[in-house]
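Asker: Pasting entry-v1.pdb here (PDB, C-alpha atoms and all ligand atoms):
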ATOM      1  CA  MET A  80      86.392 119.742  92.308  1.00  0.00           C
ATOM      2  CA  ARG A  81      83.713 117.122  91.905  1.00  0.00           C
ATOM      3  CA  VAL A  82      81.980 117.133  88.537  1.00  0.00           C
ATOM      4  CA  ALA A  83      78.786 115.542  87.213  1.00  0.00           C
ATOM      5  CA  ILE A  84      78.135 115.272  83.481  1.00  0.00           C
ATOM      6  CA  LEU A  85      74.573 115.143  82.133  1.00  0.00           C
ATOM      7  CA  ALA A  86      73.914 113.988  78.582  1.00  0.00           C
ATOM      8  CA  SER A  87      71.058 112.612  76.481  1.00  0.00           C
ATOM      9  CA  GLY A  88      72.763 111.425  73.325  1.00  0.00           C
ATOM     10  CA  SER A  89      75.689 109.402  72.112  1.00  0.00           C
ATOM     11  CA  GLY A  90      77.957 111.092  74.619  1.00  0.00           C
ATOM     12  CA  SER A  91      81.006 111.845  72.529  1.00  0.00           C
ATOM     13  CA  ASN A  92      81.527 115.143  74.338  1.00  0.00           C
ATOM     14  CA  ALA A  93      81.030 113.430  77.692  1.00  0.00           C
ATOM     15  CA  ALA A  94      83.671 110.870  76.676  1.00  0.00           C
ATOM     16  CA  ALA A  95      86.078 113.665  75.697  1.00  0.00           C
ATOM     17  CA  LEU A  96      85.490 115.304  79.094  1.00  0.00           C
ATOM     18  CA  MET A  97      85.987 112.041  81.035  1.00  0.00           C
ATOM     19  CA  ASN A  98      89.112 111.266  79.085  1.00  0.00           C
ATOM     20  CA  HIS A  99      90.620 114.707  79.651  1.00  0.00           C
ATOM     21  CA  PHE A 100      89.744 114.874  83.343  1.00  0.00           C
ATOM     22  CA  SER A 101      91.138 111.412  84.027  1.00  0.00           C
ATOM     23  CA  ASN A 102      94.529 113.120  83.637  1.00  0.00           C
ATOM     24  CA  THR A 103      93.617 116.379  85.363  1.00  0.00           C
ATOM     25  CA  GLU A 104      94.651 116.844  88.938  1.00  0.00           C
ATOM     26  CA  GLY A 105      91.943 118.580  90.933  1.00  0.00           C
ATOM     27  CA  ILE A 106      88.948 117.436  88.854  1.00  0.00           C
ATOM     28  CA  ASP A 107      87.064 114.183  89.429  1.00  0.00           C
ATOM     29  CA  VAL A 108      84.061 113.109  87.385  1.00  0.00           C
ATOM     30  CA  VAL A 109      81.909 111.480  90.052  1.00  0.00           C
ATOM     31  CA  LEU A 110      78.772 110.838  88.020  1.00  0.00           C
ATOM     32  CA  VAL A 111      77.483 110.656  84.476  1.00  0.00           C
ATOM     33  CA  GLY A 112      73.717 110.961  84.315  1.00  0.00           C
ATOM     34  CA  SER A 113      71.277 110.554  81.469  1.00  0.00           C
ATOM     35  CA  ASN A 114      67.527 110.889  81.084  1.00  0.00           C
ATOM     36  CA  ARG A 115      67.659 108.249  78.340  1.00  0.00           C
ATOM     37  CA  SER A 116      68.416 104.687  79.393  1.00  0.00           C
ATOM     38  CA  SER A 117      69.498 103.850  75.831  1.00  0.00           C
ATOM     39  CA  SER A 118      71.902 106.782  75.673  1.00  0.00           C
ATOM     40  CA  GLY A 119      75.410 105.730  74.622  1.00  0.00           C
ATOM     41  CA  VAL A 120      76.804 107.969  77.317  1.00  0.00           C
ATOM     42  CA  LEU A 121      75.946 105.499  80.097  1.00  0.00           C
ATOM     43  CA  GLU A 122      77.954 102.779  78.379  1.00  0.00           C
ATOM     44  CA  LYS A 123      80.835 105.214  77.864  1.00  0.00           C
ATOM     45  CA  ALA A 124      80.798 106.031  81.593  1.00  0.00           C
ATOM     46  CA  ASN A 125      80.906 102.331  82.464  1.00  0.00           C
ATOM     47  CA  GLN A 126      83.853 101.831  80.135  1.00  0.00           C
ATOM     48  CA  ALA A 127      85.664 104.728  81.818  1.00  0.00           C
ATOM     49  CA  GLY A 128      84.904 103.356  85.280  1.00  0.00           C
ATOM     50  CA  VAL A 129      82.726 106.350  86.162  1.00  0.00           C
ATOM     51  CA  ALA A 130      79.452 105.883  88.082  1.00  0.00           C
ATOM     52  CA  SER A 131      76.437 106.233  85.808  1.00  0.00           C
ATOM     53  CA  LEU A 132      72.816 106.977  86.519  1.00  0.00           C
ATOM     54  CA  HIS A 133      69.647 106.859  84.497  1.00  0.00           C
ATOM     55  CA  PHE A 134      67.024 109.260  85.827  1.00  0.00           C
ATOM     56  CA  SER A 135      63.570 110.291  84.656  1.00  0.00           C
ATOM     57  CA  ARG A 136      62.295 113.738  83.750  1.00  0.00           C
ATOM     58  CA  GLU A 137      60.202 113.586  86.952  1.00  0.00           C
ATOM     59  CA  GLU A 138      63.327 113.034  89.041  1.00  0.00           C
ATOM     60  CA  LEU A 139      64.912 116.072  87.424  1.00  0.00           C
ATOM     61  CA  ASP A 140      61.837 118.271  87.824  1.00  0.00           C
ATOM     62  CA  SER A 141      61.008 117.181  91.378  1.00  0.00           C
ATOM     63  CA  GLY A 142      64.500 117.876  92.736  1.00  0.00           C
ATOM     64  CA  GLU A 143      65.394 114.200  93.274  1.00  0.00           C
ATOM     65  CA  LEU A 144      68.399 114.446  90.978  1.00  0.00           C
ATOM     66  CA  LEU A 145      69.526 117.671  92.655  1.00  0.00           C
ATOM     67  CA  LYS A 146      69.430 115.914  96.043  1.00  0.00           C
ATOM     68  CA  LYS A 147      71.483 113.072  94.652  1.00  0.00           C
ATOM     69  CA  LEU A 148      74.121 115.485  93.331  1.00  0.00           C
ATOM     70  CA  GLU A 149      74.211 117.293  96.660  1.00  0.00           C
ATOM     71  CA  THR A 150      74.691 113.976  98.481  1.00  0.00           C
ATOM     72  CA  LEU A 151      77.600 113.260  96.140  1.00  0.00           C
ATOM     73  CA  LYS A 152      78.992 116.732  96.968  1.00  0.00           C
ATOM     74  CA  VAL A 153      79.089 117.702  93.313  1.00  0.00           C
ATOM     75  CA  ASP A 154      80.633 121.162  92.746  1.00  0.00           C
ATOM     76  CA  TRP A 155      80.133 121.538  88.996  1.00  0.00           C
ATOM     77  CA  VAL A 156      77.665 120.224  86.435  1.00  0.00           C
ATOM     78  CA  LEU A 157      78.665 119.949  82.775  1.00  0.00           C
ATOM     79  CA  LEU A 158      75.905 119.509  80.208  1.00  0.00           C
ATOM     80  CA  ALA A 159      77.021 117.662  77.102  1.00  0.00           C
ATOM     81  CA  GLY A 160      74.123 117.242  74.716  1.00  0.00           C
ATOM     82  CA  PHE A 161      71.550 117.254  77.507  1.00  0.00           C
ATOM     83  CA  LEU A 162      68.107 117.878  76.059  1.00  0.00           C
ATOM     84  CA  LEU A 163      65.899 118.576  79.077  1.00  0.00           C
ATOM     85  CA  LYS A 164      65.426 121.995  80.593  1.00  0.00           C
ATOM     86  CA  ILE A 165      67.251 122.490  83.889  1.00  0.00           C
ATOM     87  CA  PRO A 166      64.680 123.509  86.528  1.00  0.00           C
ATOM     88  CA  LYS A 167      64.892 126.814  88.417  1.00  0.00           C
ATOM     89  CA  GLU A 168      65.779 125.255  91.764  1.00  0.00           C
ATOM     90  CA  PHE A 169      68.591 123.317  90.172  1.00  0.00           C
ATOM     91  CA  CYS A 170      69.956 126.466  88.486  1.00  0.00           C
ATOM     92  CA  ARG A 171      69.847 128.291  91.807  1.00  0.00           C
ATOM     93  CA  ALA A 172      71.569 125.487  93.695  1.00  0.00           C
ATOM     94  CA  PHE A 173      74.366 125.465  91.112  1.00  0.00           C
ATOM     95  CA  GLU A 174      74.476 129.166  90.306  1.00  0.00           C
ATOM     96  CA  ASN A 175      77.406 129.834  87.963  1.00  0.00           C
ATOM     97  CA  LYS A 176      78.394 126.205  88.341  1.00  0.00           C
ATOM     98  CA  ILE A 177      76.715 124.733  85.245  1.00  0.00           C
ATOM     99  CA  LEU A 178      78.267 124.866  81.789  1.00  0.00           C
ATOM    100  CA  ASN A 179      76.691 123.834  78.515  1.00  0.00           C
ATOM    101  CA  ILE A 180      78.005 123.364  75.018  1.00  0.00           C
ATOM    102  CA  HIS A 181      75.932 124.464  72.059  1.00  0.00           C
ATOM    103  CA  PRO A 182      76.812 123.665  68.433  1.00  0.00           C
ATOM    104  CA  SER A 183      76.439 127.169  66.990  1.00  0.00           C
ATOM    105  CA  LEU A 184      77.733 130.672  67.533  1.00  0.00           C
ATOM    106  CA  LEU A 185      75.141 131.864  70.038  1.00  0.00           C
ATOM    107  CA  PRO A 186      72.990 133.913  70.095  1.00  0.00           C
ATOM    108  CA  LYS A 187      72.616 132.718  66.503  1.00  0.00           C
ATOM    109  CA  PHE A 188      70.740 129.430  66.126  1.00  0.00           C
ATOM    110  CA  GLY A 189      69.916 129.017  69.791  1.00  0.00           C
ATOM    111  CA  GLY A 190      66.715 128.695  71.782  1.00  0.00           C
ATOM    112  CA  GLU A 191      63.952 126.154  72.082  1.00  0.00           C
ATOM    113  CA  GLY A 192      64.025 123.413  69.456  1.00  0.00           C
ATOM    114  CA  MET A 193      67.545 124.347  68.371  1.00  0.00           C
ATOM    115  CA  TYR A 194      69.564 121.253  69.134  1.00  0.00           C
ATOM    116  CA  GLY A 195      71.503 118.611  67.255  1.00  0.00           C
ATOM    117  CA  MET A 196      70.952 118.491  63.517  1.00  0.00           C
ATOM    118  CA  ASN A 197      68.221 121.156  63.687  1.00  0.00           C
ATOM    119  CA  VAL A 198      70.983 123.669  64.369  1.00  0.00           C
ATOM    120  CA  HIS A 199      73.258 122.544  61.560  1.00  0.00           C
ATOM    121  CA  ARG A 200      70.402 122.360  59.059  1.00  0.00           C
ATOM    122  CA  ALA A 201      69.395 125.911  59.942  1.00  0.00           C
ATOM    123  CA  VAL A 202      72.996 127.112  59.578  1.00  0.00           C
ATOM    124  CA  PHE A 203      73.286 125.391  56.193  1.00  0.00           C
ATOM    125  CA  GLU A 204      69.963 126.721  54.929  1.00  0.00           C
ATOM    126  CA  ALA A 205      70.850 130.254  56.023  1.00  0.00           C
ATOM    127  CA  GLU A 206      74.055 129.937  53.949  1.00  0.00           C
ATOM    128  CA  GLU A 207      76.164 131.082  56.868  1.00  0.00           C
ATOM    129  CA  LYS A 208      79.831 131.654  56.136  1.00  0.00           C
ATOM    130  CA  GLU A 209      80.917 130.531  59.563  1.00  0.00           C
ATOM    131  CA  SER A 210      79.656 128.403  62.386  1.00  0.00           C
ATOM    132  CA  GLY A 211      81.153 126.911  65.485  1.00  0.00           C
ATOM    133  CA  MET A 212      80.431 126.127  69.092  1.00  0.00           C
ATOM    134  CA  THR A 213      79.651 128.061  72.232  1.00  0.00           C
ATOM    135  CA  ILE A 214      80.422 127.165  75.814  1.00  0.00           C
ATOM    136  CA  HIS A 215      78.198 129.091  78.177  1.00  0.00           C
ATOM    137  CA  TYR A 216      76.864 129.210  81.716  1.00  0.00           C
ATOM    138  CA  VAL A 217      73.373 127.833  82.151  1.00  0.00           C
ATOM    139  CA  ASN A 218      70.573 129.896  83.574  1.00  0.00           C
ATOM    140  CA  GLU A 219      66.837 129.445  83.619  1.00  0.00           C
ATOM    141  CA  ARG A 220      66.411 130.384  79.958  1.00  0.00           C
ATOM    142  CA  TYR A 221      67.558 128.288  77.025  1.00  0.00           C
ATOM    143  CA  ASP A 222      70.981 129.194  75.689  1.00  0.00           C
ATOM    144  CA  GLU A 223      71.062 132.641  77.270  1.00  0.00           C
ATOM    145  CA  GLY A 224      73.658 132.282  80.019  1.00  0.00           C
ATOM    146  CA  ALA A 225      76.931 134.220  79.839  1.00  0.00           C
ATOM    147  CA  ILE A 226      79.237 133.050  77.087  1.00  0.00           C
ATOM    148  CA  VAL A 227      82.592 131.671  78.205  1.00  0.00           C
ATOM    149  CA  PHE A 228      84.138 130.691  74.895  1.00  0.00           C
ATOM    150  CA  GLN A 229      83.346 130.391  71.196  1.00  0.00           C
ATOM    151  CA  GLY A 230      85.256 128.383  68.611  1.00  0.00           C
ATOM    152  CA  ARG A 231      84.714 129.288  64.945  1.00  0.00           C
ATOM    153  CA  ILE A 232      85.135 127.558  61.635  1.00  0.00           C
ATOM    154  CA  ASP A 233      84.643 128.591  58.042  1.00  0.00           C
ATOM    155  CA  VAL A 234      81.722 126.565  56.672  1.00  0.00           C
ATOM    156  CA  SER A 235      81.361 128.376  53.350  1.00  0.00           C
ATOM    157  CA  GLU A 236      82.860 125.453  51.416  1.00  0.00           C
ATOM    158  CA  LEU A 237      80.937 122.722  53.220  1.00  0.00           C
ATOM    159  CA  LYS A 238      78.300 120.920  51.191  1.00  0.00           C
ATOM    160  CA  SER A 239      75.749 119.736  53.736  1.00  0.00           C
ATOM    161  CA  ALA A 240      74.422 120.122  57.267  1.00  0.00           C
ATOM    162  CA  GLU A 241      76.069 116.765  58.060  1.00  0.00           C
ATOM    163  CA  GLU A 242      79.491 118.097  57.068  1.00  0.00           C
ATOM    164  CA  ILE A 243      78.962 121.140  59.251  1.00  0.00           C
ATOM    165  CA  ALA A 244      77.909 118.893  62.159  1.00  0.00           C
ATOM    166  CA  SER A 245      81.003 116.770  61.810  1.00  0.00           C
ATOM    167  CA  GLU A 246      83.399 119.756  61.722  1.00  0.00           C
ATOM    168  CA  VAL A 247      81.687 121.488  64.628  1.00  0.00           C
ATOM    169  CA  LEU A 248      81.803 118.291  66.697  1.00  0.00           C
ATOM    170  CA  LYS A 249      85.588 118.110  66.219  1.00  0.00           C
ATOM    171  CA  LEU A 250      85.812 121.643  67.559  1.00  0.00           C
ATOM    172  CA  GLU A 251      83.622 120.711  70.532  1.00  0.00           C
ATOM    173  CA  HIS A 252      85.850 117.768  71.450  1.00  0.00           C
ATOM    174  CA  GLU A 253      88.926 119.928  71.149  1.00  0.00           C
ATOM    175  CA  TYR A 254      87.743 122.844  73.259  1.00  0.00           C
ATOM    176  CA  TYR A 255      85.075 121.758  75.746  1.00  0.00           C
ATOM    177  CA  PRO A 256      87.435 119.756  77.989  1.00  0.00           C
ATOM    178  CA  ARG A 257      90.133 122.445  78.020  1.00  0.00           C
ATOM    179  CA  VAL A 258      87.790 125.362  78.566  1.00  0.00           C
ATOM    180  CA  ALA A 259      85.776 123.541  81.249  1.00  0.00           C
ATOM    181  CA  ARG A 260      88.986 122.599  83.031  1.00  0.00           C
ATOM    182  CA  GLU A 261      90.164 126.220  83.103  1.00  0.00           C
ATOM    183  CA  VAL A 262      86.820 127.531  84.336  1.00  0.00           C
ATOM    184  CA  ILE A 263      86.543 124.876  87.053  1.00  0.00           C
ATOM    185  CA  LEU A 264      90.113 125.179  88.302  1.00  0.00           C
ATOM    186  CA  ASP A 265      89.827 128.991  88.271  1.00  0.00           C
ATOM    187  CA  SER A 266      86.724 128.814  90.428  1.00  0.00           C
ATOM    188  CA  GLU A 267      88.671 126.763  92.952  1.00  0.00           C
ATOM    189  CA  ARG A 268      91.533 129.266  92.996  1.00  0.00           C
ATOM    190  CA  ASN A 269      89.039 132.046  93.669  1.00  0.00           C
ATOM    191  CA  ILE A 270      87.603 130.187  96.658  1.00  0.00           C
ATOM    192  CA  LYS A 271      91.025 129.657  98.259  1.00  0.00           C
TER     193      LYS A 271
HETATM  194  C1  LIG B   1      76.751 118.273  70.517  1.00  0.00           C
HETATM  195  O1  LIG B   1      76.747 118.843  69.253  1.00  0.00           O
HETATM  196  C2  LIG B   1      76.462 119.344  71.544  1.00  0.00           C
HETATM  197  O2  LIG B   1      76.943 120.596  71.210  1.00  0.00           O
HETATM  198  C3  LIG B   1      74.971 119.384  71.546  1.00  0.00           C
HETATM  199  O3  LIG B   1      74.572 118.044  71.374  1.00  0.00           O
HETATM  200  C4  LIG B   1      75.585 117.314  70.693  1.00  0.00           C
HETATM  201  C5  LIG B   1      75.918 116.137  71.556  1.00  0.00           C
HETATM  202  O4  LIG B   1      76.752 115.233  70.935  1.00  0.00           O
HETATM  203  N1  LIG B   1      74.464 120.089  72.700  1.00  0.00           N
HETATM  204  P1  LIG B   1      77.397 114.067  71.780  1.00  0.00           P
HETATM  205  O5  LIG B   1      76.276 113.294  72.462  1.00  0.00           O
HETATM  206  O6  LIG B   1      78.342 114.666  72.773  1.00  0.00           O
HETATM  207  O7  LIG B   1      78.119 113.209  70.773  1.00  0.00           O
END
Could I get this file's structure written as structure tokens?
Answerer:
Amino acid sequence: MRVAILASGSGSNAAALMNHFSNTEGIDVVLVGSNRSSSGVLEKANQAGVASLHFSREELDSGELLKKLETLKVDWVLLAGFLLKIPKEFCRAFENKILNIHPSLLPKFGGEGMYGMNVHRAVFEAEEKESGMTIHYVNERYDEGAIVFQGRIDVSELKSAEEIASEVLKLEHEYYPRVAREVILDSERNIK
């Protein structure tokens, strides 16, 4: 299965995915794309020897990026801290073939504007006892696709949003690669 990773930020999840899949038979990361040219993820792709691409919001919205992924015969798209909305056409072209990771226990603390530290601050301010991460399919609405997996941690003893962020990120790195691998390889078994 040919996989593309899209990310906007530092790319630590993308790096965890690339690292894991470099030892996974049947999964090849063929492209890492980012809408931000300064995003650390592009550098991480270069270090891993994976092709990288900077694209603009216009290229995403106009279908240019979709065409590029189709030319590369990409089967699956993994979002790893990707901040732009995936357009309808793109969702349709990759129906049930896009996964995202979100740093809360959806449906709690999801939706527009809920990304990065905004999520962890909201969790901290709400005095939640637990938080975690959600891996879900992507559809046309923010954070509403079917949930594949949730990892939970007790945050009742944590003293700041930053501490929550750091613990949740560890969970993300631990589970996203393994869960994505299972989902992707399962989809291949179902085709055969
Ligand atoms: C992660 O918390 C992810 O859940 C969220 O954005 C963050 C990206 O971090 N969607 P990184 O760029 O992978 O380090």
Asker: So what does the PyMOL selection byres (((chain A and resi 160) around 6) and not hetatm) actually pick up in this one, as a VMD selection string?
Answerer: chain A and resid 86 to 87 159 161
Asker: Given the file shown, enumerate the residues that the PyMOL selection byres (((chain A and resi 90-98) around 8) and not hetatm) captures and present them as a PyMOL selection string.
Answerer: chain A and resi 84+86-89+99-102+108+118-120+123-124+127+159-160+251-252+255-256
Asker: With C-alpha atoms retained, write the just-selected residues as a PDB file, in the frame of the given file.
Answerer:
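Full text of result-v8.pdb as output:
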ATOM      1  CA  ILE A  84      78.135 115.272  83.481  1.00  0.00           C
ATOM      2  CA  ALA A  86      73.914 113.988  78.582  1.00  0.00           C
ATOM      3  CA  SER A  87      71.058 112.612  76.481  1.00  0.00           C
ATOM      4  CA  GLY A  88      72.763 111.425  73.325  1.00  0.00           C
ATOM      5  CA  SER A  89      75.689 109.402  72.112  1.00  0.00           C
ATOM      6  CA  HIS A  99      90.620 114.707  79.651  1.00  0.00           C
ATOM      7  CA  PHE A 100      89.744 114.874  83.343  1.00  0.00           C
ATOM      8  CA  SER A 101      91.138 111.412  84.027  1.00  0.00           C
ATOM      9  CA  ASN A 102      94.529 113.120  83.637  1.00  0.00           C
ATOM     10  CA  VAL A 108      84.061 113.109  87.385  1.00  0.00           C
ATOM     11  CA  SER A 118      71.902 106.782  75.673  1.00  0.00           C
ATOM     12  CA  GLY A 119      75.410 105.730  74.622  1.00  0.00           C
ATOM     13  CA  VAL A 120      76.804 107.969  77.317  1.00  0.00           C
ATOM     14  CA  LYS A 123      80.835 105.214  77.864  1.00  0.00           C
ATOM     15  CA  ALA A 124      80.798 106.031  81.593  1.00  0.00           C
ATOM     16  CA  ALA A 127      85.664 104.728  81.818  1.00  0.00           C
ATOM     17  CA  ALA A 159      77.021 117.662  77.102  1.00  0.00           C
ATOM     18  CA  GLY A 160      74.123 117.242  74.716  1.00  0.00           C
ATOM     19  CA  GLU A 251      83.622 120.711  70.532  1.00  0.00           C
ATOM     20  CA  HIS A 252      85.850 117.768  71.450  1.00  0.00           C
ATOM     21  CA  TYR A 255      85.075 121.758  75.746  1.00  0.00           C
ATOM     22  CA  PRO A 256      87.435 119.756  77.989  1.00  0.00           C
TER      23      PRO A 256
END
Asker: Box along x, y and z, 3 Å on every side, all listed atoms of segment 240-247 of chain A inside: centre and edge lengths in Å to one decimal, as AutoDock Vina command-line options.
Answerer:
--center_x 78.9 --center_y 119.1 --center_z 60.8 --size_x 15.0 --size_y 10.7 --size_z 13.6
Asker: Pick out the residues sitting within 12 Å of segment 140-154 of chain A, and hand them over as a ChimeraX atom specification; count all atoms listed in the file, and ignore anything fewer than 6 positions along from it in its own chain.
Answerer: /A:80-85,105-114,130,132-134,163-178,263-264,266-267
Asker: Using all atoms listed in the file, can you tell me which of A:Val234, A:Ile214, A:Leu162, A:Leu121 comes closest to Met193 of chain A?
Answerer: A:Leu162
Asker: If I take atom CA of Ile232 of chain A and atom CA of Val247 of chain A, how far is one from the other in Å, to one decimal?
Answerer: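 So the two atoms, atom CA of Ile232 of chain A and atom CA of Val247 of chain A, lie 7.6 Å apart.
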Asker: I'd like to know which of A:Ser116, A:Asn197, A:Asn218, A:Gln229 is closest to Leu185 of chain A, using only C-alpha atoms.
Answerer: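 When distances to Leu185 of chain A are compared using only C-alpha atoms, the smallest one comes from A:Gln229.
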Asker: Between A:Arg136, A:Arg220, A:Lys208, A:His215, which residue has the minimum interatomic distance to ligand LIG 1 (chain B), considering only C-alpha atoms and all ligand atoms?
Answerer: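 Among A:Arg136, A:Arg220, A:Lys208, A:His215, it is A:His215 that comes nearest to ligand LIG 1 (chain B).
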Asker: Find the residues near Ser245 of chain A: any atom within 12 Å, counting all atoms listed in the file, skip ones fewer than 5 places away on the same chain, and give them as a PyMOL selection string.
Answerer: chain A and resi 91+182+195-196+199+210-212+232+234+237-240+250-252
Asker: Counting all atoms listed in the file, what is within 10 Å of Glu207 of chain A, bar same-chain residues fewer than 3 positions away, as a ChimeraX atom specification?
Answerer: /A:201-204,210,233-235
Asker: Smallest atom-to-atom distance to ligand LIG 1 (chain B): which of A:Val156, A:Ala244, A:Val227, A:Val217, using all atoms listed in the file?
Answerer: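 Smallest distance to ligand LIG 1 (chain B) is found for A:Ala244.
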Asker: So how far away is atom CA of Arg257 of chain A from atom CA of Gly224 of chain A, in Å?
Answerer: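 Atom CA of Gly224 of chain A sits 19.3 Å away from atom CA of Arg257 of chain A.
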Asker: Which of these, A:Tyr216, A:Tyr194, A:Phe188, A:Phe228, has the shortest distance to ligand LIG 1 (chain B) once you count only C-alpha atoms and all ligand atoms?
Answerer: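 That would be A:Tyr194, the residue with the smallest distance to ligand LIG 1 (chain B).
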Asker: Have a look at atom CA of Glu236 of chain A and atom O5 of ligand LIG 1 (chain B) and let me know their distance in Å, one decimal.
Answerer: 25.2 Å
Asker: Reconstruct N, CA, C and O atoms of segment 122-140 of chain A from the incomplete input and present them as a PDB file, in the coordinates of the input.
Answerer:
ATOM      1  N   GLU A 122      76.978 103.816  78.718  1.00  0.00           N
ATOM      2  CA  GLU A 122      77.954 102.779  78.379  1.00  0.00           C
ATOM      3  C   GLU A 122      79.374 103.364  78.408  1.00  0.00           C
ATOM      4  O   GLU A 122      80.311 102.756  78.925  1.00  0.00           O
ATOM      5  N   LYS A 123      79.502 104.581  77.886  1.00  0.00           N
ATOM      6  CA  LYS A 123      80.835 105.214  77.864  1.00  0.00           C
ATOM      7  C   LYS A 123      81.330 105.459  79.288  1.00  0.00           C
ATOM      8  O   LYS A 123      82.514 105.318  79.580  1.00  0.00           O
ATOM      9  N   ALA A 124      80.413 105.819  80.188  1.00  0.00           N
ATOM     10  CA  ALA A 124      80.798 106.031  81.593  1.00  0.00           C
ATOM     11  C   ALA A 124      81.264 104.704  82.194  1.00  0.00           C
ATOM     12  O   ALA A 124      82.300 104.646  82.868  1.00  0.00           O
ATOM     13  N   ASN A 125      80.519 103.638  81.929  1.00  0.00           N
ATOM     14  CA  ASN A 125      80.906 102.331  82.464  1.00  0.00           C
ATOM     15  C   ASN A 125      82.300 101.939  81.983  1.00  0.00           C
ATOM     16  O   ASN A 125      83.134 101.480  82.758  1.00  0.00           O
ATOM     17  N   GLN A 126      82.527 102.168  80.687  1.00  0.00           N
ATOM     18  CA  GLN A 126      83.853 101.831  80.135  1.00  0.00           C
ATOM     19  C   GLN A 126      84.968 102.628  80.817  1.00  0.00           C
ATOM     20  O   GLN A 126      86.067 102.136  80.992  1.00  0.00           O
ATOM     21  N   ALA A 127      84.643 103.875  81.192  1.00  0.00           N
ATOM     22  CA  ALA A 127      85.664 104.728  81.818  1.00  0.00           C
ATOM     23  C   ALA A 127      85.745 104.494  83.328  1.00  0.00           C
ATOM     24  O   ALA A 127      86.538 105.142  84.012  1.00  0.00           O
ATOM     25  N   GLY A 128      84.887 103.622  83.837  1.00  0.00           N
ATOM     26  CA  GLY A 128      84.904 103.356  85.280  1.00  0.00           C
ATOM     27  C   GLY A 128      84.283 104.480  86.098  1.00  0.00           C
ATOM     28  O   GLY A 128      84.619 104.666  87.270  1.00  0.00           O
ATOM     29  N   VAL A 129      83.397 105.249  85.467  1.00  0.00           N
ATOM     30  CA  VAL A 129      82.726 106.350  86.162  1.00  0.00           C
ATOM     31  C   VAL A 129      81.290 105.914  86.495  1.00  0.00           C
ATOM     32  O   VAL A 129      80.631 105.277  85.660  1.00  0.00           O
ATOM     33  N   ALA A 130      80.812 106.268  87.683  1.00  0.00           N
ATOM     34  CA  ALA A 130      79.452 105.883  88.082  1.00  0.00           C
ATOM     35  C   ALA A 130      78.450 106.489  87.113  1.00  0.00           C
ATOM     36  O   ALA A 130      78.582 107.647  86.698  1.00  0.00           O
ATOM     37  N   SER A 131      77.444 105.716  86.738  1.00  0.00           N
ATOM     38  CA  SER A 131      76.437 106.233  85.808  1.00  0.00           C
ATOM     39  C   SER A 131      75.050 106.106  86.415  1.00  0.00           C
ATOM     40  O   SER A 131      74.819 105.253  87.283  1.00  0.00           O
ATOM     41  N   LEU A 132      74.166 106.960  85.952  1.00  0.00           N
ATOM     42  CA  LEU A 132      72.816 106.977  86.519  1.00  0.00           C
ATOM     43  C   LEU A 132      71.803 107.313  85.435  1.00  0.00           C
ATOM     44  O   LEU A 132      71.957 108.305  84.712  1.00  0.00           O
ATOM     45  N   HIS A 133      70.773 106.492  85.342  1.00  0.00           N
ATOM     46  CA  HIS A 133      69.647 106.859  84.497  1.00  0.00           C
ATOM     47  C   HIS A 133      68.584 107.468  85.389  1.00  0.00           C
ATOM     48  O   HIS A 133      68.257 106.909  86.435  1.00  0.00           O
ATOM     49  N   PHE A 134      68.074 108.632  85.021  1.00  0.00           N
ATOM     50  CA  PHE A 134      67.024 109.260  85.827  1.00  0.00           C
ATOM     51  C   PHE A 134      65.903 109.701  84.900  1.00  0.00           C
ATOM     52  O   PHE A 134      66.106 109.877  83.691  1.00  0.00           O
ATOM     53  N   SER A 135      64.714 109.890  85.473  1.00  0.00           N
ATOM     54  CA  SER A 135      63.570 110.291  84.656  1.00  0.00           C
ATOM     55  C   SER A 135      63.415 111.815  84.673  1.00  0.00           C
ATOM     56  O   SER A 135      64.000 112.502  85.521  1.00  0.00           O
ATOM     57  N   ARG A 136      62.610 112.307  83.770  1.00  0.00           N
ATOM     58  CA  ARG A 136      62.295 113.738  83.750  1.00  0.00           C
ATOM     59  C   ARG A 136      61.686 114.167  85.090  1.00  0.00           C
ATOM     60  O   ARG A 136      61.984 115.251  85.601  1.00  0.00           O
ATOM     61  N   GLU A 137      60.852 113.280  85.666  1.00  0.00           N
ATOM     62  CA  GLU A 137      60.202 113.586  86.952  1.00  0.00           C
ATOM     63  C   GLU A 137      61.259 113.772  88.044  1.00  0.00           C
ATOM     64  O   GLU A 137      61.144 114.656  88.885  1.00  0.00           O
ATOM     65  N   GLU A 138      62.278 112.919  88.014  1.00  0.00           N
ATOM     66  CA  GLU A 138      63.327 113.034  89.041  1.00  0.00           C
ATOM     67  C   GLU A 138      64.110 114.338  88.894  1.00  0.00           C
ATOM     68  O   GLU A 138      64.576 114.905  89.881  1.00  0.00           O
ATOM     69  N   LEU A 139      64.246 114.790  87.652  1.00  0.00           N
ATOM     70  CA  LEU A 139      64.912 116.072  87.424  1.00  0.00           C
ATOM     71  C   LEU A 139      64.008 117.203  87.922  1.00  0.00           C
ATOM     72  O   LEU A 139      64.429 118.075  88.686  1.00  0.00           O
ATOM     73  N   ASP A 140      62.754 117.165  87.511  1.00  0.00           N
ATOM     74  CA  ASP A 140      61.837 118.271  87.824  1.00  0.00           C
ATOM     75  C   ASP A 140      61.459 118.333  89.303  1.00  0.00           C
ATOM     76  O   ASP A 140      61.180 119.405  89.833  1.00  0.00           O
TER      77      ASP A 140
END
